[in-house]
Amino acid sequence: MLLRVKGVNEFTTPDSRFDEEYLIYIDEIVYGLEFDNLGEIVAVSKCIYENEKLVKYERSICGMEKFADLHYEEYTYESDRLSEVGLCFHINPQVELYDEERLSVEHDEDGNIIRLIRIKLLMVKQSSLYIMLNLPKNRLH
């Protein structure tokens, strides 16, 4: 299935020039192609689902390879509830550097998500670790 989204998405800003996105559904994978108002490709994305739950989201801003802006998210579930989110962002292939963050998900008694708790923040260069912070129960709202 092919779906066209015209006008806005979660990354739209007055300066983004985002105009439309095409979503391609193949089994449990959704590919996205975003275009600006001049018809140039702006970003590509991929969502992977298992049993109708999002398990991984990847997005890359298109442009020159050495200035690529890569981002991905991984989702973990326990007892059918989202329990942890892993983020990898500011991925810079040119200098082999990226940031990684892990968030624990807290639910209320009805199963609604009420807060995300940062449990780990890393800055990594290839196989060597630059900064590793294990944070106390720092709550994000």
# chains A, B, ... in the order shown; residues from 1 in each chain; ligands from 1

$ residues_around --residues "Arg4 (chain A)" --least-positions-apart "2" --cutoff "10 Å" --atoms "only C-alpha atoms" --output "JSON, numbers by chain"
{"A": [2, 6, 7, 20, 21, 22, 23, 24, 32, 33, 34]}

$ write_last_selection --atoms "C-alpha atoms" --output "tab-separated table (two decimals), in the first residue's frame"
chain	number	residue	atom	x	y	z
A	2	LEU	CA	1.17	3.54	-0.76
A	6	LYS	CA	0.59	16.29	2.16
A	7	GLY	CA	1.62	19.41	4.05
A	20	GLU	CA	4.89	15.79	1.34
A	21	GLU	CA	5.78	12.29	2.45
A	22	TYR	CA	5.08	8.97	0.78
A	23	LEU	CA	4.64	5.95	3.04
A	24	ILE	CA	5.13	2.48	1.57
A	32	GLY	CA	8.90	6.85	4.28
A	33	LEU	CA	10.19	9.25	1.63
A	34	GLU	CA	9.93	12.97	2.47

$ residues_around --residues "region 106-109 of chain A" --least-positions-apart "3" --cutoff "9 Å" --atoms "only C-alpha atoms" --output "list of chain:residue names"
A:Arg81, A:Leu82, A:Ser83, A:Asn112, A:Ile113, A:Ile114, A:Arg115, A:Leu116, A:Ile117

$ write_last_selection --atoms "C-alpha atoms" --output "mmCIF file, in the first residue's frame"
data_model
loop_
_atom_site.group_PDB
_atom_site.id
_atom_site.type_symbol
_atom_site.label_atom_id
_atom_site.label_comp_id
_atom_site.auth_asym_id
_atom_site.auth_seq_id
_atom_site.Cartn_x
_atom_site.Cartn_y
_atom_site.Cartn_z
ATOM 1 C CA ARG A 81 3.431 -2.543 27.627
ATOM 2 C CA LEU A 82 6.228 -0.301 26.405
ATOM 3 C CA SER A 83 8.989 -0.647 29.009
ATOM 4 C CA ASN A 112 -1.128 4.832 30.512
ATOM 5 C CA ILE A 113 2.391 6.186 30.090
ATOM 6 C CA ILE A 114 2.938 8.861 32.730
ATOM 7 C CA ARG A 115 6.675 9.592 32.448
ATOM 8 C CA LEU A 116 9.969 8.671 30.871
ATOM 9 C CA ILE A 117 12.974 8.227 33.149
#

$ atom_distance --atom1 "CA of Leu3 (chain A)" --atom2 "CA of Tyr31 (chain A)"
10.3 Å

$ atom_distance --atom1 "CA of Leu121 (chain A)" --atom2 "CA of Cys88 (chain A)"
9.9 Å

$ closest_residue --among "A:Val55, A:Ala43, A:Met1, A:Ile48" --to "Tyr77 (chain A)" --atoms "only C-alpha atoms"
A:Val55

$ atom_distance --atom1 "CA of Glu40 (chain A)" --atom2 "CA of Tyr98 (chain A)"
26.7 Å

$ residues_around --residues "Arg59 (chain A)" --least-positions-apart "6" --cutoff "12 Å" --atoms "only C-alpha atoms" --output "compact mmCIF listing (two decimals) with N, CA and C atoms, in the first residue's frame"
# COMPACT_ATOMS: atom_id res chain seq x y z
N PHE A 11 8.02 16.63 11.87
CA PHE A 11 9.28 17.35 11.71
C PHE A 11 9.09 18.70 11.00
N VAL A 30 7.26 -0.09 7.33
CA VAL A 30 6.75 1.10 6.65
C VAL A 30 7.96 1.96 6.28
N TYR A 31 8.12 2.21 4.98
CA TYR A 31 9.19 3.08 4.49
C TYR A 31 8.60 4.45 4.21
N GLY A 32 9.35 5.49 4.53
CA GLY A 32 8.90 6.85 4.28
C GLY A 32 9.89 7.61 3.43
N LEU A 33 9.38 8.37 2.47
CA LEU A 33 10.19 9.25 1.63
C LEU A 33 9.61 10.65 1.75
N GLU A 34 10.40 11.60 2.27
CA GLU A 34 9.93 12.97 2.47
C GLU A 34 10.53 13.88 1.42
N VAL A 42 14.13 14.91 1.02
CA VAL A 42 14.64 15.52 2.24
C VAL A 42 15.09 14.47 3.25
N ALA A 43 14.32 13.41 3.39
CA ALA A 43 14.62 12.39 4.38
C ALA A 43 14.02 11.06 3.98
N VAL A 44 14.60 9.99 4.52
CA VAL A 44 14.05 8.65 4.36
C VAL A 44 13.88 8.07 5.76
N SER A 45 12.89 7.21 5.92
CA SER A 45 12.66 6.60 7.23
C SER A 45 12.15 5.17 7.06
N LYS A 46 12.25 4.43 8.16
CA LYS A 46 11.77 3.05 8.17
C LYS A 46 11.26 2.73 9.57
N CYS A 47 10.04 2.20 9.64
CA CYS A 47 9.45 1.73 10.89
C CYS A 47 9.27 0.22 10.79
N ILE A 48 9.70 -0.48 11.82
CA ILE A 48 9.56 -1.93 11.86
C ILE A 48 8.60 -2.29 13.00
N ALA A 68 25.51 13.47 6.95
CA ALA A 68 24.24 12.78 7.19
C ALA A 68 23.80 12.96 8.63
N ASP A 69 22.52 13.12 8.82
CA ASP A 69 21.93 13.21 10.14
C ASP A 69 21.10 11.95 10.34
N LEU A 70 21.65 11.00 11.06
CA LEU A 70 21.00 9.71 11.26
C LEU A 70 20.41 9.64 12.66
N HIS A 71 19.32 8.90 12.79
CA HIS A 71 18.63 8.79 14.07
C HIS A 71 17.89 7.46 14.08
N TYR A 72 17.96 6.72 15.19
CA TYR A 72 17.09 5.55 15.31
C TYR A 72 16.64 5.35 16.74
N GLU A 73 15.53 4.65 16.86
CA GLU A 73 14.90 4.38 18.15
C GLU A 73 14.54 2.90 18.20
N LEU A 87 17.48 5.30 22.25
CA LEU A 87 17.64 6.30 21.20
C LEU A 87 19.11 6.38 20.81
N CYS A 88 19.35 6.47 19.54
CA CYS A 88 20.69 6.70 19.02
C CYS A 88 20.56 7.87 18.05
N PHE A 89 21.29 8.96 18.31
CA PHE A 89 21.08 10.17 17.52
C PHE A 89 22.38 10.92 17.38
N HIS A 90 22.34 11.99 16.60
CA HIS A 90 23.55 12.75 16.25
C HIS A 90 24.62 11.81 15.70
N ILE A 91 24.19 10.83 14.92
CA ILE A 91 25.13 9.87 14.34
C ILE A 91 25.86 10.58 13.21

$ select_by_dssp --residues "region 69-116 of chain A" --states "strand (DSSP E or B)" --output "number ranges by chain"
A: 69-78, 81-92, 97-107, 113-116

$ write_last_selection --atoms "C-alpha atoms" --output "CSV table (one decimal), in the first residue's frame"
chain,number,residue,atom,x,y,z
A,69,ASP,CA,21.9,13.2,10.1
A,70,LEU,CA,21.0,9.7,11.3
A,71,HIS,CA,18.6,8.8,14.1
A,72,TYR,CA,17.1,5.5,15.3
A,73,GLU,CA,14.9,4.4,18.2
A,74,GLU,CA,14.3,0.9,19.6
A,75,TYR,CA,11.3,0.0,21.7
A,76,THR,CA,11.1,-2.8,24.3
A,77,TYR,CA,7.9,-4.2,25.7
A,78,GLU,CA,7.1,-6.2,28.8
A,81,ARG,CA,3.4,-2.5,27.6
A,82,LEU,CA,6.2,-0.3,26.4
A,83,SER,CA,9.0,-0.6,29.0
A,84,GLU,CA,12.1,1.0,27.5
A,85,VAL,CA,13.1,3.2,24.7
A,86,GLY,CA,16.6,3.3,23.3
A,87,LEU,CA,17.6,6.3,21.2
A,88,CYS,CA,20.7,6.7,19.0
A,89,PHE,CA,21.1,10.2,17.5
A,90,HIS,CA,23.5,12.8,16.3
A,91,ILE,CA,25.1,9.9,14.3
A,92,ASN,CA,28.0,11.4,12.3
A,97,LEU,CA,30.5,9.7,16.7
A,98,TYR,CA,27.0,9.2,18.1
A,99,ASP,CA,25.0,9.8,21.2
A,100,GLU,CA,22.9,7.1,22.8
A,101,GLU,CA,20.2,7.4,25.5
A,102,ARG,CA,18.0,4.9,27.3
A,103,LEU,CA,14.7,5.8,28.8
A,104,SER,CA,12.6,3.7,31.2
A,105,VAL,CA,8.8,4.0,30.7
A,106,GLU,CA,6.6,4.4,33.8
A,107,HIS,CA,2.9,3.6,33.6
A,113,ILE,CA,2.4,6.2,30.1
A,114,ILE,CA,2.9,8.9,32.7
A,115,ARG,CA,6.7,9.6,32.4
A,116,LEU,CA,10.0,8.7,30.9
